[in-house]
$ cat my_file_23.pdb   # PDB, C-alpha atoms and all ligand atoms
MODEL        1
ATOM      1  CA  MET A   1     131.124  15.196 108.352  1.00  0.00           C
ATOM      2  CA  ASN A   2     132.958  11.896 107.940  1.00  0.00           C
ATOM      3  CA  MET A   3     131.948   9.536 105.137  1.00  0.00           C
ATOM      4  CA  ASN A   4     130.483   6.880 107.449  1.00  0.00           C
ATOM      5  CA  HIS A   5     128.163   9.331 109.089  1.00  0.00           C
ATOM      6  CA  LYS A   6     127.066  10.657 105.692  1.00  0.00           C
ATOM      7  CA  ASN A   7     126.344   7.149 104.355  1.00  0.00           C
ATOM      8  CA  ASN A   8     124.287   6.346 107.439  1.00  0.00           C
ATOM      9  CA  ILE A   9     122.155   9.411 106.974  1.00  0.00           C
ATOM     10  CA  GLN A  10     121.627   8.649 103.272  1.00  0.00           C
ATOM     11  CA  SER A  11     120.841   4.977 103.803  1.00  0.00           C
ATOM     12  CA  SER A  12     118.149   5.836 106.331  1.00  0.00           C
ATOM     13  CA  ILE A  13     116.155   7.593 103.600  1.00  0.00           C
ATOM     14  CA  ARG A  14     114.288   5.015 101.512  1.00  0.00           C
ATOM     15  CA  ASN A  15     113.304   5.244  97.880  1.00  0.00           C
ATOM     16  CA  PRO A  16     109.544   4.986  97.321  1.00  0.00           C
ATOM     17  CA  LEU A  17     108.246   1.430  96.950  1.00  0.00           C
ATOM     18  CA  ILE A  18     105.793   2.461  94.280  1.00  0.00           C
ATOM     19  CA  THR A  19     105.814   5.296  91.780  1.00  0.00           C
ATOM     20  CA  PHE A  20     102.807   6.879  90.143  1.00  0.00           C
ATOM     21  CA  ILE A  21     104.037   8.879  87.151  1.00  0.00           C
ATOM     22  CA  ASN A  22     102.510   9.732  83.766  1.00  0.00           C
ATOM     23  CA  GLY A  23      99.387   7.712  84.430  1.00  0.00           C
ATOM     24  CA  GLN A  24     101.317   4.518  85.276  1.00  0.00           C
ATOM     25  CA  LEU A  25     101.637   2.740  88.618  1.00  0.00           C
ATOM     26  CA  THR A  26     104.933   0.912  88.944  1.00  0.00           C
ATOM     27  CA  GLY A  27     106.530  -1.169  91.692  1.00  0.00           C
ATOM     28  CA  ALA A  28     107.104  -4.714  92.819  1.00  0.00           C
ATOM     29  CA  ASP A  29     103.851  -5.002  94.738  1.00  0.00           C
ATOM     30  CA  VAL A  30     101.533  -3.719  92.029  1.00  0.00           C
ATOM     31  CA  VAL A  31      99.027  -6.356  90.929  1.00  0.00           C
ATOM     32  CA  HIS A  32      97.841  -6.112  87.340  1.00  0.00           C
ATOM     33  CA  GLN A  33      94.351  -7.300  86.432  1.00  0.00           C
ATOM     34  CA  VAL A  34      92.870  -7.557  82.940  1.00  0.00           C
ATOM     35  CA  LYS A  35      89.132  -7.555  82.282  1.00  0.00           C
ATOM     36  CA  THR A  36      88.058  -8.816  78.854  1.00  0.00           C
ATOM     37  CA  LEU A  37      84.719  -8.036  77.248  1.00  0.00           C
ATOM     38  CA  ILE A  38      83.372 -11.561  77.859  1.00  0.00           C
ATOM     39  CA  GLU A  39      83.737 -10.997  81.611  1.00  0.00           C
ATOM     40  CA  LEU A  40      81.280  -8.117  81.261  1.00  0.00           C
ATOM     41  CA  ASN A  41      78.598 -10.386  79.785  1.00  0.00           C
ATOM     42  CA  GLY A  42      75.191  -9.142  80.924  1.00  0.00           C
ATOM     43  CA  ILE A  43      75.974  -5.533  81.766  1.00  0.00           C
ATOM     44  CA  PHE A  44      75.207  -4.088  78.321  1.00  0.00           C
ATOM     45  CA  GLU A  45      71.648  -3.617  77.129  1.00  0.00           C
ATOM     46  CA  ASP A  46      72.185  -4.810  73.550  1.00  0.00           C
ATOM     47  CA  GLN A  47      72.915  -8.521  74.123  1.00  0.00           C
ATOM     48  CA  THR A  48      72.576  -9.376  70.403  1.00  0.00           C
ATOM     49  CA  MET A  49      75.294  -6.885  69.530  1.00  0.00           C
ATOM     50  CA  PHE A  50      77.406  -8.056  72.501  1.00  0.00           C
ATOM     51  CA  GLU A  51      77.414 -11.631  71.214  1.00  0.00           C
ATOM     52  CA  LYS A  52      78.694 -10.485  67.821  1.00  0.00           C
ATOM     53  CA  MET A  53      81.744  -8.848  69.373  1.00  0.00           C
ATOM     54  CA  ASN A  54      85.174 -10.290  70.075  1.00  0.00           C
ATOM     55  CA  GLY A  55      84.896 -11.366  73.715  1.00  0.00           C
ATOM     56  CA  SER A  56      88.656 -11.666  74.143  1.00  0.00           C
ATOM     57  CA  GLN A  57      89.287  -7.968  73.550  1.00  0.00           C
ATOM     58  CA  ILE A  58      90.332  -6.008  76.607  1.00  0.00           C
ATOM     59  CA  ALA A  59      87.696  -3.736  78.135  1.00  0.00           C
ATOM     60  CA  TYR A  60      89.839  -2.460  81.008  1.00  0.00           C
ATOM     61  CA  GLU A  61      92.949  -3.103  83.061  1.00  0.00           C
ATOM     62  CA  VAL A  62      93.472  -2.308  86.732  1.00  0.00           C
ATOM     63  CA  ASP A  63      96.755  -1.843  88.600  1.00  0.00           C
ATOM     64  CA  VAL A  64      96.287  -2.219  92.339  1.00  0.00           C
ATOM     65  CA  TRP A  65      98.637  -1.578  95.203  1.00  0.00           C
ATOM     66  CA  CYS A  66      97.611  -3.193  98.492  1.00  0.00           C
ATOM     67  CA  PRO A  67     100.165  -2.060 101.100  1.00  0.00           C
ATOM     68  CA  VAL A  68      98.270  -3.979 103.787  1.00  0.00           C
ATOM     69  CA  GLU A  69      96.399  -7.275 103.800  1.00  0.00           C
ATOM     70  CA  ASN A  70      92.926  -7.360 102.288  1.00  0.00           C
ATOM     71  CA  GLY A  71      90.375  -6.641 105.025  1.00  0.00           C
ATOM     72  CA  THR A  72      92.665  -4.602 107.263  1.00  0.00           C
ATOM     73  CA  GLU A  73      90.562  -2.081 109.178  1.00  0.00           C
ATOM     74  CA  GLY A  74      92.059   1.389 108.792  1.00  0.00           C
ATOM     75  CA  GLY A  75      94.210   0.454 105.779  1.00  0.00           C
ATOM     76  CA  LEU A  76      93.969   1.970 102.309  1.00  0.00           C
ATOM     77  CA  PHE A  77      94.296   0.538  98.795  1.00  0.00           C
ATOM     78  CA  PHE A  78      95.343   2.459  95.711  1.00  0.00           C
ATOM     79  CA  GLY A  79      94.282   1.614  92.155  1.00  0.00           C
ATOM     80  CA  LEU A  80      94.646   2.825  88.613  1.00  0.00           C
ATOM     81  CA  THR A  81      92.078   1.805  85.995  1.00  0.00           C
ATOM     82  CA  HIS A  82      92.727   1.951  82.236  1.00  0.00           C
ATOM     83  CA  LEU A  83      89.355   1.836  80.476  1.00  0.00           C
ATOM     84  CA  TYR A  84      89.502   1.224  76.713  1.00  0.00           C
ATOM     85  CA  PRO A  85      87.351   3.083  74.204  1.00  0.00           C
ATOM     86  CA  GLY A  86      84.563   1.179  72.493  1.00  0.00           C
ATOM     87  CA  GLN A  87      80.830   0.625  72.246  1.00  0.00           C
ATOM     88  CA  VAL A  88      78.379  -2.241  72.442  1.00  0.00           C
ATOM     89  CA  GLY A  89      75.558  -0.957  70.248  1.00  0.00           C
ATOM     90  CA  ASN A  90      75.090   2.633  71.370  1.00  0.00           C
ATOM     91  CA  GLU A  91      76.423   1.992  74.889  1.00  0.00           C
ATOM     92  CA  TYR A  92      80.021   2.865  75.721  1.00  0.00           C
ATOM     93  CA  PHE A  93      82.565   0.534  77.324  1.00  0.00           C
ATOM     94  CA  MET A  94      82.299   0.732  81.104  1.00  0.00           C
ATOM     95  CA  THR A  95      83.448  -0.928  84.304  1.00  0.00           C
ATOM     96  CA  LYS A  96      81.290  -3.631  85.895  1.00  0.00           C
ATOM     97  CA  GLY A  97      80.424  -1.381  88.802  1.00  0.00           C
ATOM     98  CA  HIS A  98      79.835  -2.420  92.393  1.00  0.00           C
ATOM     99  CA  PHE A  99      78.746  -1.563  95.897  1.00  0.00           C
ATOM    100  CA  HIS A 100      81.344  -2.259  98.547  1.00  0.00           C
ATOM    101  CA  ALA A 101      80.849  -5.457 100.555  1.00  0.00           C
ATOM    102  CA  VAL A 102      81.154  -3.338 103.717  1.00  0.00           C
ATOM    103  CA  GLU A 103      78.496  -1.008 102.430  1.00  0.00           C
ATOM    104  CA  ASN A 104      79.354   2.153 104.329  1.00  0.00           C
ATOM    105  CA  ARG A 105      82.897   2.326 102.914  1.00  0.00           C
ATOM    106  CA  ALA A 106      83.575   5.432 100.779  1.00  0.00           C
ATOM    107  CA  GLU A 107      86.134   5.928  97.990  1.00  0.00           C
ATOM    108  CA  TYR A 108      87.884   8.612  95.951  1.00  0.00           C
ATOM    109  CA  TYR A 109      88.129   8.473  92.149  1.00  0.00           C
ATOM    110  CA  TRP A 110      89.978  11.078  90.078  1.00  0.00           C
ATOM    111  CA  GLY A 111      90.413  11.616  86.367  1.00  0.00           C
ATOM    112  CA  ILE A 112      93.930  11.299  84.921  1.00  0.00           C
ATOM    113  CA  GLU A 113      93.575  10.954  81.137  1.00  0.00           C
ATOM    114  CA  GLY A 114      90.659  10.974  78.727  1.00  0.00           C
ATOM    115  CA  GLU A 115      87.035  11.765  79.396  1.00  0.00           C
ATOM    116  CA  GLY A 116      84.105   9.860  80.717  1.00  0.00           C
ATOM    117  CA  ILE A 117      81.263   9.752  83.164  1.00  0.00           C
ATOM    118  CA  LEU A 118      81.049   8.364  86.687  1.00  0.00           C
ATOM    119  CA  LEU A 119      77.672   6.841  87.469  1.00  0.00           C
ATOM    120  CA  LEU A 120      76.672   6.801  91.145  1.00  0.00           C
ATOM    121  CA  MET A 121      73.606   4.967  92.433  1.00  0.00           C
ATOM    122  CA  ASP A 122      72.307   4.991  95.996  1.00  0.00           C
ATOM    123  CA  LYS A 123      70.422   2.167  97.743  1.00  0.00           C
ATOM    124  CA  ASP A 124      67.072   3.600  96.574  1.00  0.00           C
ATOM    125  CA  ARG A 125      68.355   3.208  92.992  1.00  0.00           C
ATOM    126  CA  ASN A 126      68.638   6.959  92.401  1.00  0.00           C
ATOM    127  CA  THR A 127      71.390   7.341  89.787  1.00  0.00           C
ATOM    128  CA  ARG A 128      73.397  10.483  89.170  1.00  0.00           C
ATOM    129  CA  ALA A 129      76.307  11.204  86.843  1.00  0.00           C
ATOM    130  CA  GLU A 130      79.517  13.230  87.145  1.00  0.00           C
ATOM    131  CA  ARG A 131      81.784  14.195  84.249  1.00  0.00           C
ATOM    132  CA  MET A 132      85.284  12.772  84.581  1.00  0.00           C
ATOM    133  CA  SER A 133      88.312  14.463  82.982  1.00  0.00           C
ATOM    134  CA  PRO A 134      91.978  15.007  83.898  1.00  0.00           C
ATOM    135  CA  GLY A 135      92.024  16.570  87.375  1.00  0.00           C
ATOM    136  CA  SER A 136      88.382  15.908  88.251  1.00  0.00           C
ATOM    137  CA  LEU A 137      87.998  14.605  91.802  1.00  0.00           C
ATOM    138  CA  HIS A 138      85.040  12.443  92.842  1.00  0.00           C
ATOM    139  CA  TYR A 139      83.977  11.489  96.337  1.00  0.00           C
ATOM    140  CA  ILE A 140      81.955   8.271  96.307  1.00  0.00           C
ATOM    141  CA  PRO A 141      80.029   8.083  99.584  1.00  0.00           C
ATOM    142  CA  GLY A 142      79.257   4.815 101.336  1.00  0.00           C
ATOM    143  CA  PHE A 143      76.139   2.864 100.261  1.00  0.00           C
ATOM    144  CA  THR A 144      76.721   4.050  96.674  1.00  0.00           C
ATOM    145  CA  ALA A 145      77.370   1.858  93.636  1.00  0.00           C
ATOM    146  CA  HIS A 146      79.975   3.234  91.229  1.00  0.00           C
ATOM    147  CA  ARG A 147      80.731   2.612  87.547  1.00  0.00           C
ATOM    148  CA  VAL A 148      82.856   4.523  85.025  1.00  0.00           C
ATOM    149  CA  VAL A 149      81.965   4.943  81.339  1.00  0.00           C
ATOM    150  CA  ASN A 150      84.486   5.935  78.640  1.00  0.00           C
ATOM    151  CA  THR A 151      82.670   8.371  76.368  1.00  0.00           C
ATOM    152  CA  ARG A 152      85.571   9.251  74.055  1.00  0.00           C
ATOM    153  CA  ALA A 153      87.746   7.636  71.393  1.00  0.00           C
ATOM    154  CA  GLY A 154      90.917   7.424  73.551  1.00  0.00           C
ATOM    155  CA  MET A 155      91.864   5.660  76.771  1.00  0.00           C
ATOM    156  CA  LEU A 156      90.256   6.793  80.022  1.00  0.00           C
ATOM    157  CA  ARG A 157      92.584   6.493  83.009  1.00  0.00           C
ATOM    158  CA  PHE A 158      91.453   7.197  86.549  1.00  0.00           C
ATOM    159  CA  GLY A 159      92.874   6.755  90.024  1.00  0.00           C
ATOM    160  CA  ALA A 160      91.099   5.318  93.038  1.00  0.00           C
ATOM    161  CA  CYS A 161      91.714   5.111  96.769  1.00  0.00           C
ATOM    162  CA  TRP A 162      89.498   3.043  99.066  1.00  0.00           C
ATOM    163  CA  PRO A 163      89.534   1.347 102.485  1.00  0.00           C
ATOM    164  CA  ALA A 164      91.324  -2.000 102.626  1.00  0.00           C
ATOM    165  CA  ASP A 165      88.297  -3.605 104.285  1.00  0.00           C
ATOM    166  CA  ALA A 166      85.709  -2.316 101.761  1.00  0.00           C
ATOM    167  CA  GLY A 167      85.565  -5.454  99.596  1.00  0.00           C
ATOM    168  CA  TYR A 168      83.306  -5.777  96.552  1.00  0.00           C
ATOM    169  CA  ASN A 169      79.678  -6.657  96.048  1.00  0.00           C
ATOM    170  CA  TYR A 170      79.190  -7.192  92.301  1.00  0.00           C
ATOM    171  CA  ASP A 171      76.003  -9.251  92.581  1.00  0.00           C
ATOM    172  CA  ILE A 172      73.489  -6.436  93.020  1.00  0.00           C
ATOM    173  CA  ILE A 173      74.715  -4.642  89.886  1.00  0.00           C
ATOM    174  CA  MET A 174      75.084  -7.886  87.908  1.00  0.00           C
ATOM    175  CA  ASN A 175      71.480  -8.821  88.739  1.00  0.00           C
ATOM    176  CA  GLU A 176      69.735  -5.470  88.711  1.00  0.00           C
ATOM    177  CA  GLY A 177      72.074  -3.061  86.916  1.00  0.00           C
ATOM    178  CA  PHE A 178      72.066   0.691  87.433  1.00  0.00           C
ATOM    179  CA  SER A 179      68.733   2.476  87.015  1.00  0.00           C
ATOM    180  CA  LYS A 180      70.221   4.580  84.208  1.00  0.00           C
ATOM    181  CA  ARG A 181      72.636   4.051  81.308  1.00  0.00           C
ATOM    182  CA  ILE A 182      74.970   6.307  79.364  1.00  0.00           C
ATOM    183  CA  LYS A 183      74.306   5.995  75.630  1.00  0.00           C
ATOM    184  CA  ASN A 184      75.719   7.602  72.530  1.00  0.00           C
ATOM    185  CA  ILE A 185      72.760   9.488  71.071  1.00  0.00           C
ATOM    186  CA  ASP A 186      73.790  11.328  67.879  1.00  0.00           C
ATOM    187  CA  ASN A 187      77.370  11.437  69.202  1.00  0.00           C
ATOM    188  CA  VAL A 188      76.320  12.983  72.513  1.00  0.00           C
ATOM    189  CA  PRO A 189      76.773  10.949  75.732  1.00  0.00           C
ATOM    190  CA  SER A 190      73.302  10.938  77.269  1.00  0.00           C
ATOM    191  CA  LEU A 191      71.986   9.716  80.640  1.00  0.00           C
ATOM    192  CA  ILE A 192      68.922   7.582  79.938  1.00  0.00           C
TER     193      ILE A 192
HETATM  194  C1  LIG B 201      88.094   0.388  91.645  1.00  0.00           C
HETATM  195  C2  LIG B 201      87.444  -0.617  90.669  1.00  0.00           C
HETATM  196  C3  LIG B 201      88.043  -0.609  89.253  1.00  0.00           C
HETATM  197  C4  LIG B 201      87.350  -1.634  88.319  1.00  0.00           C
HETATM  198  O1  LIG B 201      89.412   0.020  91.912  1.00  0.00           O
HETATM  199  O2  LIG B 201      87.526  -1.904  91.228  1.00  0.00           O
HETATM  200  O3  LIG B 201      87.896   0.666  88.686  1.00  0.00           O
HETATM  201  O4  LIG B 201      85.949  -1.523  88.384  1.00  0.00           O
HETATM  202  P1  LIG B 201      85.054  -2.758  88.854  1.00  0.00           P
HETATM  203  O5  LIG B 201      85.640  -3.244  90.146  1.00  0.00           O
HETATM  204  O6  LIG B 201      83.686  -2.210  89.029  1.00  0.00           O
HETATM  205  O7  LIG B 201      85.161  -3.823  87.790  1.00  0.00           O
HETATM  206  C5  LIG B 201      87.225   0.424  92.893  1.00  0.00           C
HETATM  207  O8  LIG B 201      86.161   0.968  92.853  1.00  0.00           O
HETATM  208  N1  LIG B 201      87.640  -0.218  94.015  1.00  0.00           N
HETATM  209  O9  LIG B 201      86.846  -0.219  95.115  1.00  0.00           O
HETATM  210 ZN    ZN B 202      84.928   0.668  94.730  1.00  0.00          ZN
ENDMDL
END
$ encode --input "my_file_23.pdb" --output "structure tokens" --more "lines below"
Ligand code: PAN
Ligand code: ZN
Amino acid sequence: MNMNHKNNIQSSIRNPLITFINGQLTGADVVHQVKTLIELNGIFEDQTMFEKMNGSQIAYEVDVWCPVENGTEGGLFFGLTHLYPGQVGNEYFMTKGHFHAVENRAEYYWGIEGEGILLLMDKDRNTRAERMSPGSLHYIPGFTAHRVVNTRAGMLRFGACWPADAGYNYDIIMNEGFSKRIKNIDNVPSLI
């Protein structure tokens, strides 16, 4: 094989745009979002305790890769959430939680590092919980609000993949919450 031919073959094979190694998502198109505690104002039960805490501390960070434009039917987004350990009173740090704006859109979550609990609530406000740990895979059906709670002392990292036209509806959860909470009762995460 002459050198030109060989170079052509090699140059037609692209390197990946994004890599997902050791719990980190890296690449030019990855958008990094930081959520501080103050942005979660209202989701914890113990508001008195919440107001005593440092609102500028980070509650979670999200790396998102959107290979297609937001709203593209048939497209997929990929995300990695890093949820910090902590408590507000006896309630653990957690994500805001949301329904999708296009309500029937489903999603996958999977555990990468640390341990926690995925809360799932349907439109009738029935809430159920699934343990999350490295390798756990969670199918979140459409019409189902989802929130993750970090129940341990270390970071909780989880992956997510969802339709590019799903969008977010945070209002329902901000106004009405989930029908159940995960609390630390005598050092045991309990669904209450
Ligand atoms: C995830 C979440 C991420 C942060 O990518 O957006 O874990 O949680 P909140 O959006 O509830 O603050 C996802 O579910 N996308 O649809
Ligand atoms: Zn979602």
$ residues_around --input "my_file_23.pdb" --residues "stretch 24-30 of chain A" --least-positions-apart "4" --cutoff "9 Å" --atoms "only C-alpha atoms" --output "list in words"
Pro16, Leu17, Ile18, Thr19, Phe20, Asp63, Val64, Trp65, Cys66, Pro67, Gly79 and Leu80 of chain A
$ closest_atom_pairs --input "my_file_23.pdb" --of "chain A" --to "ligand LIG 201 (chain B)" --cutoff "6 Å" --atoms "all atoms listed in the file" --output "Markdown table"
| residue | atom | partner | partner_atom | distance |
| --- | --- | --- | --- | --- |
| A:Gly79 | CA | B:LIG201 | O1 | 5.1 |
| A:Thr81 | CA | B:LIG201 | O3 | 5.1 |
| A:Thr95 | CA | B:LIG201 | O4 | 4.8 |
| A:Lys96 | CA | B:LIG201 | O6 | 4.2 |
| A:Gly97 | CA | B:LIG201 | O6 | 3.4 |
| A:His98 | CA | B:LIG201 | O6 | 5.1 |
| A:Arg147 | CA | B:LIG201 | O6 | 5.8 |
| A:Ala160 | CA | B:LIG201 | O1 | 5.7 |
| A:Trp162 | CA | B:LIG201 | O9 | 5.8 |
$ residues_near_ligand --input "my_file_23.pdb" --ligand "ligand ZN 202 (chain B)" --cutoff "10 Å" --atoms "only C-alpha atoms and all ligand atoms" --output "PyMOL selection string"
chain A and resi 79+97-101+105-109+140+142+144-147+160-163+166-169
$ residues_around --input "my_file_23.pdb" --residues "stretch 175-191 of chain A" --least-positions-apart "5" --cutoff "9 Å" --atoms "only C-alpha atoms" --output "VMD selection string"
chain A and resid 42 to 43 45 87 89 to 92 97 116 to 117 119 to 121 125 to 129 145 147 149 151 170
$ residues_around --input "my_file_23.pdb" --residues "A:Gly114" --least-positions-apart "2" --cutoff "10 Å" --atoms "all atoms listed in the file" --output "count of residues only"
18
$ residues_around --input "my_file_23.pdb" --residues "A:Met53" --least-positions-apart "5" --cutoff "12 Å" --atoms "all atoms listed in the file" --output "CSV table (one decimal) with C-alpha atoms, in the coordinates of the input"
chain,number,residue,atom,x,y,z
A,36,THR,CA,88.1,-8.8,78.9
A,37,LEU,CA,84.7,-8.0,77.2
A,38,ILE,CA,83.4,-11.6,77.9
A,40,LEU,CA,81.3,-8.1,81.3
A,41,ASN,CA,78.6,-10.4,79.8
A,46,ASP,CA,72.2,-4.8,73.6
A,47,GLN,CA,72.9,-8.5,74.1
A,48,THR,CA,72.6,-9.4,70.4
A,58,ILE,CA,90.3,-6.0,76.6
A,59,ALA,CA,87.7,-3.7,78.1
A,86,GLY,CA,84.6,1.2,72.5
A,87,GLN,CA,80.8,0.6,72.2
A,88,VAL,CA,78.4,-2.2,72.4
A,89,GLY,CA,75.6,-1.0,70.2
$ residues_around --input "my_file_23.pdb" --residues "A:Ala164" --least-positions-apart "3" --cutoff "9 Å" --atoms "all atoms listed in the file" --output "JSON, numbers by chain"
{"A": [66, 67, 68, 69, 70, 71, 72, 73, 74, 75, 76, 77, 167]}
$ axis_aligned_box --input "my_file_23.pdb" --around "stretch 119-134 of chain A" --padding-each-side "5 Å" --output "AutoDock Vina command-line options"
--center_x 79.5 --center_y 8.6 --center_z 90.4 --size_x 34.9 --size_y 22.8 --size_z 24.8
$ atom_distance --input "my_file_23.pdb" --atom1 "atom CA of A:Tyr84" --atom2 "atom CA of A:Glu113"
11.4 Å
$ closest_residue --input "my_file_23.pdb" --among "A:Tyr139, A:Val148, A:Lys123, A:Gly159" --to "A:Asn22" --atoms "all atoms listed in the file"
A:Gly159
$ atom_distance --input "my_file_23.pdb" --atom1 "atom CA of A:Arg131" --atom2 "atom CA of A:Tyr60"
18.8 Å
$ atom_distance --input "my_file_23.pdb" --atom1 "atom CA of A:Gly135" --atom2 "atom CA of A:Gly23"
11.9 Å
$ decode --input "my_file_23.pdb" --residues "stretch 58-66 of chain A" --atoms "all heavy atoms" --output "compact mmCIF listing (two decimals), in the first residue's frame"
# COMPACT_ATOMS: atom_id res chain seq x y z
N ILE A 58 -21.80 24.92 46.31
CA ILE A 58 -22.31 24.18 45.15
C ILE A 58 -23.12 22.97 45.62
O ILE A 58 -22.67 22.20 46.47
CB ILE A 58 -21.16 23.73 44.24
CG1 ILE A 58 -20.42 24.96 43.69
CG2 ILE A 58 -21.67 22.88 43.08
CD1 ILE A 58 -19.17 24.61 42.89
N ALA A 59 -24.32 22.83 45.07
CA ALA A 59 -25.13 21.65 45.36
C ALA A 59 -24.89 20.57 44.29
O ALA A 59 -24.74 19.40 44.61
CB ALA A 59 -26.60 22.02 45.41
N TYR A 60 -24.88 21.00 43.02
CA TYR A 60 -24.53 20.05 41.96
C TYR A 60 -24.05 20.77 40.71
O TYR A 60 -24.26 21.97 40.54
CB TYR A 60 -25.66 19.08 41.63
CG TYR A 60 -27.02 19.62 41.28
CD1 TYR A 60 -27.43 19.75 39.96
CD2 TYR A 60 -27.93 19.96 42.27
CE1 TYR A 60 -28.70 20.21 39.64
CE2 TYR A 60 -29.21 20.43 41.96
CZ TYR A 60 -29.58 20.55 40.65
OH TYR A 60 -30.86 21.00 40.33
N GLU A 61 -23.34 19.99 39.88
CA GLU A 61 -22.86 20.49 38.59
C GLU A 61 -23.35 19.53 37.52
O GLU A 61 -23.46 18.32 37.77
CB GLU A 61 -21.33 20.54 38.58
CG GLU A 61 -20.75 21.47 39.63
CD GLU A 61 -19.24 21.45 39.66
OE1 GLU A 61 -18.62 21.59 38.60
OE2 GLU A 61 -18.68 21.27 40.76
N VAL A 62 -23.63 20.05 36.34
CA VAL A 62 -24.09 19.21 35.24
C VAL A 62 -23.27 19.51 33.99
O VAL A 62 -23.08 20.68 33.63
CB VAL A 62 -25.60 19.43 34.93
CG1 VAL A 62 -26.11 18.38 33.96
CG2 VAL A 62 -26.45 19.43 36.20
N ASP A 63 -22.74 18.47 33.38
CA ASP A 63 -22.08 18.59 32.07
C ASP A 63 -23.06 18.05 31.03
O ASP A 63 -23.54 16.92 31.17
CB ASP A 63 -20.80 17.75 32.02
CG ASP A 63 -19.80 18.21 33.06
OD1 ASP A 63 -19.53 19.42 33.12
OD2 ASP A 63 -19.29 17.36 33.83
N VAL A 64 -23.34 18.85 30.03
CA VAL A 64 -24.32 18.42 29.02
C VAL A 64 -23.72 18.50 27.62
O VAL A 64 -23.07 19.48 27.27
CB VAL A 64 -25.59 19.32 29.08
CG1 VAL A 64 -26.64 18.81 28.11
CG2 VAL A 64 -26.17 19.36 30.47
N TRP A 65 -23.96 17.47 26.88
CA TRP A 65 -23.59 17.46 25.46
C TRP A 65 -24.87 17.43 24.63
O TRP A 65 -25.67 16.51 24.76
CB TRP A 65 -22.71 16.24 25.14
CG TRP A 65 -22.30 16.20 23.69
CD1 TRP A 65 -22.08 17.25 22.86
CD2 TRP A 65 -22.06 15.02 22.90
NE1 TRP A 65 -21.71 16.83 21.61
CE2 TRP A 65 -21.69 15.45 21.61
CE3 TRP A 65 -22.11 13.66 23.17
CZ2 TRP A 65 -21.39 14.57 20.59
CZ3 TRP A 65 -21.81 12.77 22.16
CH2 TRP A 65 -21.44 13.22 20.88
N CYS A 66 -25.05 18.47 23.82
CA CYS A 66 -26.21 18.57 22.94
C CYS A 66 -25.72 18.50 21.50
O CYS A 66 -25.35 19.52 20.91
CB CYS A 66 -26.94 19.90 23.17
SG CYS A 66 -27.48 20.15 24.86
